[in-house]
Amino acid sequence: KLTNSASNPNSALIVVGDDATLTIDGSGSIETLVPEAQATALSATRATFNTAFPIVVNGTLRIKGGDFTLNSFATSWLNCGIYVGPNGKLIVEDGTFRSPKGSFIFGHELGNRPTIEIVGGRFEGYDPSDNDFDGNSSNYLEPEYASYYVAENELVVAERTTEWEVDNNYLLKSIIENGGTAHLVDLAEGCYYELTESMSVNYPVTLDISNSADAKCYIYFNGNDTMFRCYSDLTIGSPITFGQIDPSDVMPKEPLFYLEAVSDIATVYEGGSLTVNNGEYFGGTDGVTTSLFNSRGGDITINNGAFSLDDIESNNTITVEGEGQVIIYDGDFYSNFDPANVNVNGEVVSLVAPERYSVALLKGGYGVKKK
């Protein structure tokens with residue numbers, strides 16, 4: 001363990017020289033903690049604190065592991081945890097980084113950004129993809145990587161194609177925003193998740209249920225807009241149910257995965273797609289007329305599932321505008337929506353796939369079946 005001395009808390013612990021290369025790969029720790037009173041006094045008396053960096057990188061530093069607690073107390077590059085000089089290079093592949101004061105972990109001379117590549121690591125109190133570095137939003141991550149919140153104030157840097165076992169709303173939201181596969185597991189109160197705002201899908205996302213979860217899983221959306229805005233590909237894999245109120249009155253079987261939305265489930269734009277492989281979907285509340293899925297130039301494919309609206313007389317379960325393609329292979333629609341007779345751009349067309357047909361259901365609504 002390396003730590004700064006109480007008598008000289010501002011001295012550098014590690015300096016990587018101009019032509020040197022240092023690799024940190026292990027379970028050791030580096031800790032720089034300045035008492036708050038001392039930090040306040042130093043901050044007030046020294047405006048240019050450019051010798052206060054715990055780690056200075058003028059050559060190349062590659063971090064593959066270790067534990068770093070870097071308590072910089074000034075909200076400026078003049079006192080960051082790891083300072084990278086104009087010709088320096090920093091590569092972070094793994095390790096745990098803590099910023100107890102929420103200050104910068106990485107920094108460099110303003111207007112002269114060196115090479116900083118973050119492709120892994122766990123961060124507490126600091127986001128290397130959006131850290132407001134000296135008033136600017138600084139992203140040190142490679143394009144195929146993103147920051148995923150695994151807890152309220154803790155995130156992990158990972159590839160956008162990573163598969164996750166999801167056990168909290170923070171991680172679920174991060175996956176929807178940044179891409180990846182979410183295998184939802186049971187929480188303490190059951191398999192229940194909540195989204196509070198409309199989410200844009202800009203990278204491929206898959207939602208399904210973990211093998212360790214019970215059969216039922218529930219996602220609740222209490223926003224007043226569409227739940228998902230799809231500009232990339234959204235796939236709902238295992239049976240998941242989406243909706244706003246208990247659909248037991250209109251759906252004949254116990255939901256496996258329940259998605260609850262006050263408003264629309266998904267709007268799919270040009271360049272995006274939605275694939276529904278199974279699940280139960282319920283939208284609207286208190287008789288509000290809404291729709292479940294909207295194509296605004298994007299493609300929608302429904303392979304199976306059960307679908308209904310609070311206003312069961314509504315025929316707006318799926319709406320289509322523009323050139324997007326909607327095709328339905330199977331599924332039950334428990335509202336006044338016949339997928340073989342849908343108004344698309346002023347013309348009545350069928351959304352049913354070839355070799356399939358629409359049939360009236362005994363409990364109301366229509367089902368798509370194989371011929």
# chains A, B, ... in the order shown; residues from 1 in each chain; ligands from 1
$ residues_around --residues "Asn139 (chain A)" --least-positions-apart "3" --cutoff "12 Å" --atoms "only C-alpha atoms" --output "mmCIF file with all heavy atoms, in the first residue's frame"
data_model
loop_
_atom_site.group_PDB
_atom_site.id
_atom_site.type_symbol
_atom_site.label_atom_id
_atom_site.label_comp_id
_atom_site.auth_asym_id
_atom_site.auth_seq_id
_atom_site.Cartn_x
_atom_site.Cartn_y
_atom_site.Cartn_z
ATOM 1 N N PHE A 106 -9.013 11.620 -13.197
ATOM 2 C CA PHE A 106 -8.065 11.842 -14.275
ATOM 3 C C PHE A 106 -8.077 13.314 -14.680
ATOM 4 O O PHE A 106 -9.121 13.961 -14.659
ATOM 5 C CB PHE A 106 -8.406 10.981 -15.492
ATOM 6 C CG PHE A 106 -8.595 9.532 -15.169
ATOM 7 C CD1 PHE A 106 -9.811 8.907 -15.369
ATOM 8 C CD2 PHE A 106 -7.557 8.782 -14.643
ATOM 9 C CE1 PHE A 106 -9.994 7.570 -15.071
ATOM 10 C CE2 PHE A 106 -7.719 7.440 -14.335
ATOM 11 C CZ PHE A 106 -8.945 6.835 -14.544
ATOM 12 N N GLY A 107 -6.922 13.822 -15.065
ATOM 13 C CA GLY A 107 -6.846 15.207 -15.502
ATOM 14 C C GLY A 107 -5.642 15.441 -16.392
ATOM 15 O O GLY A 107 -4.741 14.611 -16.482
ATOM 16 N N ARG A 113 -4.996 17.895 -24.748
ATOM 17 C CA ARG A 113 -5.407 16.591 -24.240
ATOM 18 C C ARG A 113 -4.456 15.492 -24.710
ATOM 19 O O ARG A 113 -4.255 15.307 -25.911
ATOM 20 C CB ARG A 113 -6.826 16.276 -24.694
ATOM 21 C CG ARG A 113 -7.309 14.901 -24.252
ATOM 22 C CD ARG A 113 -8.794 14.764 -24.422
ATOM 23 N NE ARG A 113 -9.224 13.393 -24.190
ATOM 24 C CZ ARG A 113 -10.502 13.034 -24.075
ATOM 25 N NH1 ARG A 113 -11.441 13.939 -24.143
ATOM 26 N NH2 ARG A 113 -10.817 11.778 -23.888
ATOM 27 N N THR A 115 -3.193 11.234 -24.557
ATOM 28 C CA THR A 115 -3.880 9.970 -24.796
ATOM 29 C C THR A 115 -4.347 9.375 -23.479
ATOM 30 O O THR A 115 -3.533 9.036 -22.619
ATOM 31 C CB THR A 115 -2.958 8.977 -25.509
ATOM 32 O OG1 THR A 115 -2.548 9.534 -26.764
ATOM 33 C CG2 THR A 115 -3.668 7.653 -25.753
ATOM 34 N N ILE A 116 -5.654 9.278 -23.320
ATOM 35 C CA ILE A 116 -6.255 8.631 -22.154
ATOM 36 C C ILE A 116 -7.280 7.637 -22.672
ATOM 37 O O ILE A 116 -8.256 8.031 -23.314
ATOM 38 C CB ILE A 116 -6.913 9.641 -21.195
ATOM 39 C CG1 ILE A 116 -5.876 10.649 -20.666
ATOM 40 C CG2 ILE A 116 -7.581 8.916 -20.031
ATOM 41 C CD1 ILE A 116 -6.458 11.703 -19.748
ATOM 42 N N GLU A 117 -7.047 6.349 -22.446
ATOM 43 C CA GLU A 117 -7.929 5.296 -22.929
ATOM 44 C C GLU A 117 -8.437 4.484 -21.742
ATOM 45 O O GLU A 117 -7.651 3.874 -21.023
ATOM 46 C CB GLU A 117 -7.188 4.379 -23.904
ATOM 47 C CG GLU A 117 -6.652 5.088 -25.146
ATOM 48 C CD GLU A 117 -5.832 4.167 -26.016
ATOM 49 O OE1 GLU A 117 -5.701 2.977 -25.646
ATOM 50 O OE2 GLU A 117 -5.320 4.629 -27.055
ATOM 51 N N ILE A 118 -9.756 4.476 -21.559
ATOM 52 C CA ILE A 118 -10.372 3.721 -20.467
ATOM 53 C C ILE A 118 -11.203 2.604 -21.085
ATOM 54 O O ILE A 118 -12.179 2.861 -21.789
ATOM 55 C CB ILE A 118 -11.265 4.620 -19.584
ATOM 56 C CG1 ILE A 118 -10.545 5.924 -19.222
ATOM 57 C CG2 ILE A 118 -11.697 3.868 -18.339
ATOM 58 C CD1 ILE A 118 -9.309 5.742 -18.403
ATOM 59 N N VAL A 119 -10.811 1.351 -20.855
ATOM 60 C CA VAL A 119 -11.530 0.209 -21.424
ATOM 61 C C VAL A 119 -11.988 -0.766 -20.330
ATOM 62 O O VAL A 119 -12.416 -1.881 -20.630
ATOM 63 C CB VAL A 119 -10.667 -0.530 -22.463
ATOM 64 C CG1 VAL A 119 -10.367 0.368 -23.648
ATOM 65 C CG2 VAL A 119 -9.373 -1.034 -21.830
ATOM 66 N N TYR A 126 -17.296 8.905 -9.532
ATOM 67 C CA TYR A 126 -16.659 9.514 -10.701
ATOM 68 C C TYR A 126 -17.062 8.733 -11.939
ATOM 69 O O TYR A 126 -17.089 7.502 -11.933
ATOM 70 C CB TYR A 126 -15.141 9.477 -10.528
ATOM 71 C CG TYR A 126 -14.346 9.993 -11.712
ATOM 72 C CD1 TYR A 126 -14.098 11.351 -11.880
ATOM 73 C CD2 TYR A 126 -13.846 9.105 -12.664
ATOM 74 C CE1 TYR A 126 -13.362 11.811 -12.959
ATOM 75 C CE2 TYR A 126 -13.105 9.559 -13.754
ATOM 76 C CZ TYR A 126 -12.870 10.915 -13.890
ATOM 77 O OH TYR A 126 -12.143 11.371 -14.960
ATOM 78 N N ASP A 127 -17.389 9.463 -13.018
ATOM 79 C CA ASP A 127 -17.754 8.833 -14.283
ATOM 80 C C ASP A 127 -16.751 9.247 -15.355
ATOM 81 O O ASP A 127 -16.731 10.402 -15.786
ATOM 82 C CB ASP A 127 -19.164 9.265 -14.699
ATOM 83 C CG ASP A 127 -19.641 8.554 -15.960
ATOM 84 O OD1 ASP A 127 -18.837 7.842 -16.583
ATOM 85 O OD2 ASP A 127 -20.824 8.721 -16.317
ATOM 86 N N PRO A 128 -15.901 8.341 -15.804
ATOM 87 C CA PRO A 128 -14.899 8.711 -16.804
ATOM 88 C C PRO A 128 -15.482 9.008 -18.181
ATOM 89 O O PRO A 128 -14.770 9.482 -19.061
ATOM 90 C CB PRO A 128 -13.977 7.476 -16.845
ATOM 91 C CG PRO A 128 -14.846 6.344 -16.434
ATOM 92 C CD PRO A 128 -15.792 6.921 -15.417
ATOM 93 N N SER A 129 -16.778 8.727 -18.386
ATOM 94 C CA SER A 129 -17.404 9.028 -19.671
ATOM 95 C C SER A 129 -18.097 10.383 -19.675
ATOM 96 O O SER A 129 -18.449 10.900 -20.732
ATOM 97 C CB SER A 129 -18.419 7.941 -20.032
ATOM 98 O OG SER A 129 -19.568 8.019 -19.211
ATOM 99 N N ASP A 130 -18.293 10.963 -18.512
ATOM 100 C CA ASP A 130 -18.990 12.254 -18.425
ATOM 101 C C ASP A 130 -18.650 12.872 -17.081
ATOM 102 O O ASP A 130 -19.421 12.792 -16.132
ATOM 103 C CB ASP A 130 -20.492 12.062 -18.571
ATOM 104 C CG ASP A 130 -21.246 13.388 -18.592
ATOM 105 O OD1 ASP A 130 -20.595 14.444 -18.699
ATOM 106 O OD2 ASP A 130 -22.488 13.360 -18.507
ATOM 107 N N ASN A 131 -17.485 13.513 -17.001
ATOM 108 C CA ASN A 131 -17.001 13.947 -15.698
ATOM 109 C C ASN A 131 -16.901 15.456 -15.558
ATOM 110 O O ASN A 131 -16.312 15.948 -14.608
ATOM 111 C CB ASN A 131 -15.640 13.303 -15.409
ATOM 112 C CG ASN A 131 -14.631 13.602 -16.493
ATOM 113 O OD1 ASN A 131 -14.057 14.671 -16.543
ATOM 114 N ND2 ASN A 131 -14.409 12.644 -17.389
ATOM 115 N N ASP A 132 -17.455 16.215 -16.541
ATOM 116 C CA ASP A 132 -17.511 17.671 -16.426
ATOM 117 C C ASP A 132 -16.137 18.247 -16.097
ATOM 118 O O ASP A 132 -15.983 19.118 -15.246
ATOM 119 C CB ASP A 132 -18.528 18.083 -15.353
ATOM 120 C CG ASP A 132 -18.908 19.558 -15.480
ATOM 121 O OD1 ASP A 132 -18.877 20.067 -16.602
ATOM 122 O OD2 ASP A 132 -19.225 20.176 -14.453
ATOM 123 N N PHE A 133 -15.135 17.742 -16.784
ATOM 124 C CA PHE A 133 -13.754 18.138 -16.506
ATOM 125 C C PHE A 133 -13.565 19.634 -16.749
ATOM 126 O O PHE A 133 -13.653 20.125 -17.860
ATOM 127 C CB PHE A 133 -12.793 17.323 -17.371
ATOM 128 C CG PHE A 133 -11.358 17.750 -17.282
ATOM 129 C CD1 PHE A 133 -10.629 17.477 -16.140
ATOM 130 C CD2 PHE A 133 -10.754 18.422 -18.317
ATOM 131 C CE1 PHE A 133 -9.310 17.863 -16.037
ATOM 132 C CE2 PHE A 133 -9.434 18.807 -18.233
ATOM 133 C CZ PHE A 133 -8.707 18.535 -17.088
ATOM 134 N N ASN A 136 -16.143 21.164 -18.819
ATOM 135 C CA ASN A 136 -16.429 20.510 -20.092
ATOM 136 C C ASN A 136 -16.726 19.040 -19.861
ATOM 137 O O ASN A 136 -16.167 18.418 -18.976
ATOM 138 C CB ASN A 136 -15.234 20.641 -21.041
ATOM 139 C CG ASN A 136 -14.906 22.086 -21.342
ATOM 140 O OD1 ASN A 136 -15.754 22.824 -21.806
ATOM 141 N ND2 ASN A 136 -13.679 22.489 -21.059
ATOM 142 N N GLU A 142 -13.278 4.553 -24.959
ATOM 143 C CA GLU A 142 -13.279 4.204 -26.369
ATOM 144 C C GLU A 142 -14.730 4.046 -26.831
ATOM 145 O O GLU A 142 -15.618 3.711 -26.049
ATOM 146 C CB GLU A 142 -12.496 2.914 -26.592
ATOM 147 C CG GLU A 142 -11.008 3.038 -26.275
ATOM 148 C CD GLU A 142 -10.316 4.040 -27.175
ATOM 149 O OE1 GLU A 142 -10.112 3.744 -28.357
ATOM 150 O OE2 GLU A 142 -9.991 5.153 -26.675
ATOM 151 N N PRO A 143 -15.030 4.283 -28.140
ATOM 152 C CA PRO A 143 -16.421 4.327 -28.613
ATOM 153 C C PRO A 143 -17.226 3.062 -28.324
ATOM 154 O O PRO A 143 -18.444 3.137 -28.122
ATOM 155 C CB PRO A 143 -16.259 4.554 -30.122
ATOM 156 C CG PRO A 143 -14.944 5.220 -30.279
ATOM 157 C CD PRO A 143 -14.077 4.632 -29.202
ATOM 158 N N TYR A 145 -17.128 1.240 -25.763
ATOM 159 C CA TYR A 145 -17.271 1.042 -24.324
ATOM 160 C C TYR A 145 -18.213 2.094 -23.751
ATOM 161 O O TYR A 145 -18.428 3.162 -24.322
ATOM 162 C CB TYR A 145 -15.915 1.130 -23.622
ATOM 163 C CG TYR A 145 -14.999 -0.038 -23.932
ATOM 164 C CD1 TYR A 145 -14.250 -0.062 -25.097
ATOM 165 C CD2 TYR A 145 -14.910 -1.127 -23.065
ATOM 166 C CE1 TYR A 145 -13.426 -1.136 -25.400
ATOM 167 C CE2 TYR A 145 -14.079 -2.201 -23.355
ATOM 168 C CZ TYR A 145 -13.342 -2.198 -24.522
ATOM 169 O OH TYR A 145 -12.535 -3.263 -24.813
ATOM 170 N N ALA A 146 -18.775 1.787 -22.577
ATOM 171 C CA ALA A 146 -19.690 2.712 -21.905
ATOM 172 C C ALA A 146 -19.600 2.512 -20.400
ATOM 173 O O ALA A 146 -19.074 1.507 -19.917
ATOM 174 C CB ALA A 146 -21.128 2.493 -22.381
ATOM 175 N N SER A 147 -20.116 3.491 -19.657
ATOM 176 C CA SER A 147 -20.198 3.406 -18.199
ATOM 177 C C SER A 147 -21.551 2.830 -17.811
ATOM 178 O O SER A 147 -22.593 3.351 -18.214
ATOM 179 C CB SER A 147 -20.032 4.798 -17.575
ATOM 180 O OG SER A 147 -18.735 5.307 -17.800
ATOM 181 N N VAL A 157 -16.955 0.146 -16.283
ATOM 182 C CA VAL A 157 -16.742 0.377 -17.705
ATOM 183 C C VAL A 157 -16.692 -0.978 -18.404
ATOM 184 O O VAL A 157 -15.934 -1.866 -18.001
ATOM 185 C CB VAL A 157 -15.440 1.167 -17.947
ATOM 186 C CG1 VAL A 157 -15.123 1.243 -19.436
ATOM 187 C CG2 VAL A 157 -15.561 2.569 -17.368
#
$ residues_around --residues "Thr162 (chain A)" --least-positions-apart "4" --cutoff "12 Å" --atoms "only C-alpha atoms" --output "list of chain:residue names"
A:Glu144, A:Tyr145, A:Ala146, A:Ser147, A:Tyr148, A:Val156, A:Val157, A:Ala158, A:Val166, A:Ser174, A:Ile175, A:Asn178, A:Gly179, A:Gly180, A:Thr181, A:Ala182, A:His183, A:Tyr203, A:Pro204, A:Val205, A:Thr206
$ write_last_selection --atoms "N, CA and C atoms" --output "short mmCIF file (atom, residue, chain, number, x, y, z; two decimals), in the first residue's frame"
data_model
loop_
_atom_site.label_atom_id
_atom_site.label_comp_id
_atom_site.auth_asym_id
_atom_site.auth_seq_id
_atom_site.Cartn_x
_atom_site.Cartn_y
_atom_site.Cartn_z
N GLU A 144 -16.57 1.90 -28.33
CA GLU A 144 -17.31 0.65 -28.12
C GLU A 144 -17.51 0.33 -26.65
N TYR A 145 -17.13 1.24 -25.76
CA TYR A 145 -17.27 1.04 -24.32
C TYR A 145 -18.21 2.09 -23.75
N ALA A 146 -18.78 1.79 -22.58
CA ALA A 146 -19.69 2.71 -21.91
C ALA A 146 -19.60 2.51 -20.40
N SER A 147 -20.12 3.49 -19.66
CA SER A 147 -20.20 3.41 -18.20
C SER A 147 -21.55 2.83 -17.81
N TYR A 148 -21.54 1.77 -17.01
CA TYR A 148 -22.76 1.12 -16.57
C TYR A 148 -22.87 1.24 -15.05
N VAL A 156 -19.27 0.58 -13.69
CA VAL A 156 -18.27 -0.29 -14.29
C VAL A 156 -18.17 0.06 -15.77
N VAL A 157 -16.96 0.15 -16.28
CA VAL A 157 -16.74 0.38 -17.71
C VAL A 157 -16.69 -0.98 -18.40
N ALA A 158 -17.51 -1.14 -19.45
CA ALA A 158 -17.58 -2.43 -20.16
C ALA A 158 -17.97 -2.19 -21.61
N VAL A 166 -28.92 -8.57 -14.16
CA VAL A 166 -29.40 -7.28 -13.66
C VAL A 166 -30.20 -7.48 -12.38
N SER A 174 -28.93 1.80 -17.40
CA SER A 174 -27.66 1.96 -18.10
C SER A 174 -27.59 1.09 -19.34
N ILE A 175 -28.11 -0.13 -19.25
CA ILE A 175 -28.08 -1.03 -20.41
C ILE A 175 -28.97 -0.50 -21.52
N ASN A 178 -27.04 2.40 -23.08
CA ASN A 178 -25.71 2.19 -23.65
C ASN A 178 -25.56 0.91 -24.45
N GLY A 179 -26.55 0.02 -24.44
CA GLY A 179 -26.46 -1.22 -25.19
C GLY A 179 -26.09 -2.40 -24.30
N GLY A 180 -26.38 -3.61 -24.80
CA GLY A 180 -26.07 -4.82 -24.06
C GLY A 180 -27.30 -5.68 -23.86
N THR A 181 -27.10 -6.76 -23.12
CA THR A 181 -28.18 -7.70 -22.81
C THR A 181 -28.44 -7.70 -21.32
N ALA A 182 -29.70 -7.51 -20.94
CA ALA A 182 -30.11 -7.50 -19.54
C ALA A 182 -30.86 -8.78 -19.21
N HIS A 183 -30.26 -9.63 -18.37
CA HIS A 183 -30.94 -10.81 -17.84
C HIS A 183 -31.47 -10.42 -16.46
N TYR A 203 -28.28 2.01 -29.06
CA TYR A 203 -27.40 0.87 -29.31
C TYR A 203 -28.22 -0.40 -29.15
N PRO A 204 -27.83 -1.50 -29.79
CA PRO A 204 -28.63 -2.74 -29.68
C PRO A 204 -28.81 -3.18 -28.23
N VAL A 205 -30.07 -3.47 -27.85
CA VAL A 205 -30.43 -3.87 -26.48
C VAL A 205 -31.31 -5.11 -26.54
N THR A 206 -31.05 -6.05 -25.63
CA THR A 206 -31.91 -7.21 -25.46
C THR A 206 -32.35 -7.29 -24.00
#
$ closest_residue --among "A:Glu124, A:Ser200, A:Thr21, A:Tyr149" --to "Ile91 (chain A)" --atoms "only C-alpha atoms"
A:Thr21
$ closest_residue --among "A:Asp167, A:Glu31, A:Val368, A:Pro114" --to "Pro100 (chain A)" --atoms "only C-alpha atoms"
A:Glu31
$ atom_distance --atom1 "CA of Asn153 (chain A)" --atom2 "CA of Thr96 (chain A)"
13.2 Å
$ residues_around --residues "Asn168 (chain A)" --least-positions-apart "5" --cutoff "9 Å" --atoms "only C-alpha atoms" --output "JSON, numbers by chain"
{"A": [150, 151, 173, 184, 185, 187, 193]}
$ write_last_selection --atoms "all heavy atoms" --output "tab-separated table (two decimals), in the first residue's frame"
chain	number	residue	atom	x	y	z
A	150	VAL	N	-23.83	0.12	-11.68
A	150	VAL	CA	-24.22	-1.12	-11.02
A	150	VAL	C	-24.83	-0.83	-9.65
A	150	VAL	O	-25.37	-1.72	-9.00
A	150	VAL	CB	-23.03	-2.07	-10.89
A	150	VAL	CG1	-22.55	-2.51	-12.27
A	150	VAL	CG2	-21.88	-1.42	-10.12
A	151	ALA	N	-24.73	0.41	-9.19
A	151	ALA	CA	-25.35	0.90	-7.96
A	151	ALA	C	-25.50	2.41	-8.13
A	151	ALA	O	-25.10	2.98	-9.15
A	151	ALA	CB	-24.51	0.55	-6.73
A	173	LYS	N	-31.34	0.67	-16.46
A	173	LYS	CA	-31.37	1.94	-17.20
A	173	LYS	C	-30.08	2.13	-17.99
A	173	LYS	O	-30.11	2.57	-19.15
A	173	LYS	CB	-31.57	3.09	-16.22
A	173	LYS	CG	-31.65	4.46	-16.88
A	173	LYS	CD	-31.89	5.55	-15.86
A	173	LYS	CE	-31.89	6.91	-16.52
A	173	LYS	NZ	-32.10	8.01	-15.54
A	184	LEU	N	-32.76	-10.18	-16.36
A	184	LEU	CA	-33.35	-9.67	-15.13
A	184	LEU	C	-33.49	-10.78	-14.09
A	184	LEU	O	-33.99	-11.86	-14.38
A	184	LEU	CB	-34.71	-9.05	-15.41
A	184	LEU	CG	-34.72	-7.90	-16.43
A	184	LEU	CD1	-36.13	-7.39	-16.65
A	184	LEU	CD2	-33.81	-6.78	-15.99
A	185	VAL	N	-33.04	-10.50	-12.87
A	185	VAL	CA	-33.12	-11.48	-11.78
A	185	VAL	C	-34.07	-10.96	-10.72
A	185	VAL	O	-34.47	-9.80	-10.71
A	185	VAL	CB	-31.72	-11.74	-11.17
A	185	VAL	CG1	-30.75	-12.19	-12.24
A	185	VAL	CG2	-31.19	-10.50	-10.47
A	187	LEU	N	-35.40	-9.46	-7.36
A	187	LEU	CA	-34.97	-8.54	-6.32
A	187	LEU	C	-35.54	-9.02	-4.98
A	187	LEU	O	-36.25	-10.01	-4.91
A	187	LEU	CB	-35.44	-7.12	-6.63
A	187	LEU	CG	-35.05	-6.59	-8.01
A	187	LEU	CD1	-35.60	-5.19	-8.20
A	187	LEU	CD2	-33.56	-6.60	-8.20
A	193	TYR	N	-39.13	-4.11	-11.53
A	193	TYR	CA	-38.25	-3.02	-11.90
A	193	TYR	C	-39.09	-1.81	-12.29
A	193	TYR	O	-40.25	-1.95	-12.69
A	193	TYR	CB	-37.35	-3.42	-13.07
A	193	TYR	CG	-36.39	-4.54	-12.73
A	193	TYR	CD1	-36.82	-5.87	-12.75
A	193	TYR	CD2	-35.09	-4.28	-12.37
A	193	TYR	CE1	-35.94	-6.90	-12.43
A	193	TYR	CE2	-34.21	-5.30	-12.05
A	193	TYR	CZ	-34.64	-6.61	-12.08
A	193	TYR	OH	-33.79	-7.62	-11.75
$ residues_around --residues "Lys369 (chain A)" --least-positions-apart "2" --cutoff "6 Å" --atoms "only C-alpha atoms" --output "ChimeraX atom specification"
/A:330,356-357
$ closest_residue --among "A:Glu197, A:Asp94, A:Asp233, A:Glu270" --to "Val320 (chain A)" --atoms "only C-alpha atoms"
A:Glu270
$ residues_around --residues "Leu309 (chain A)" --least-positions-apart "6" --cutoff "8 Å" --atoms "only C-alpha atoms" --output "PyMOL selection string"
chain A and resi 282-284+289-292+317+334-335
$ write_last_selection --atoms "N, CA and C atoms" --output "tab-separated table (two decimals), in the first residue's frame"
chain	number	residue	atom	x	y	z
A	282	PHE	N	-49.16	-4.28	-21.67
A	282	PHE	CA	-50.41	-3.60	-21.33
A	282	PHE	C	-50.13	-2.10	-21.23
A	283	GLY	N	-50.93	-1.28	-21.90
A	283	GLY	CA	-50.70	0.16	-21.91
A	283	GLY	C	-51.95	0.94	-21.61
A	284	GLY	N	-51.76	2.17	-21.14
A	284	GLY	CA	-52.87	3.05	-20.86
A	284	GLY	C	-53.41	2.84	-19.46
A	289	THR	N	-56.84	6.54	-24.13
A	289	THR	CA	-56.54	5.86	-25.38
A	289	THR	C	-55.09	6.08	-25.73
A	290	THR	N	-54.37	5.00	-25.94
A	290	THR	CA	-52.96	5.09	-26.28
A	290	THR	C	-52.67	3.96	-27.25
A	291	SER	N	-51.43	3.63	-27.44
A	291	SER	CA	-51.05	2.49	-28.26
A	291	SER	C	-49.89	1.80	-27.57
A	292	LEU	N	-49.61	0.57	-27.99
A	292	LEU	CA	-48.47	-0.13	-27.42
A	292	LEU	C	-47.20	0.14	-28.21
A	317	THR	N	-53.61	-0.52	-30.94
A	317	THR	CA	-52.55	-1.32	-30.32
A	317	THR	C	-51.22	-1.12	-31.02
A	334	TYR	N	-55.89	-8.43	-27.13
A	334	TYR	CA	-57.13	-8.37	-26.35
A	334	TYR	C	-57.68	-6.95	-26.29
A	335	SER	N	-57.86	-6.36	-27.45
A	335	SER	CA	-58.58	-5.10	-27.58
A	335	SER	C	-59.16	-5.09	-28.98
$ atom_distance --atom1 "CA of Ile82 (chain A)" --atom2 "CA of Arg98 (chain A)"
11.9 Å
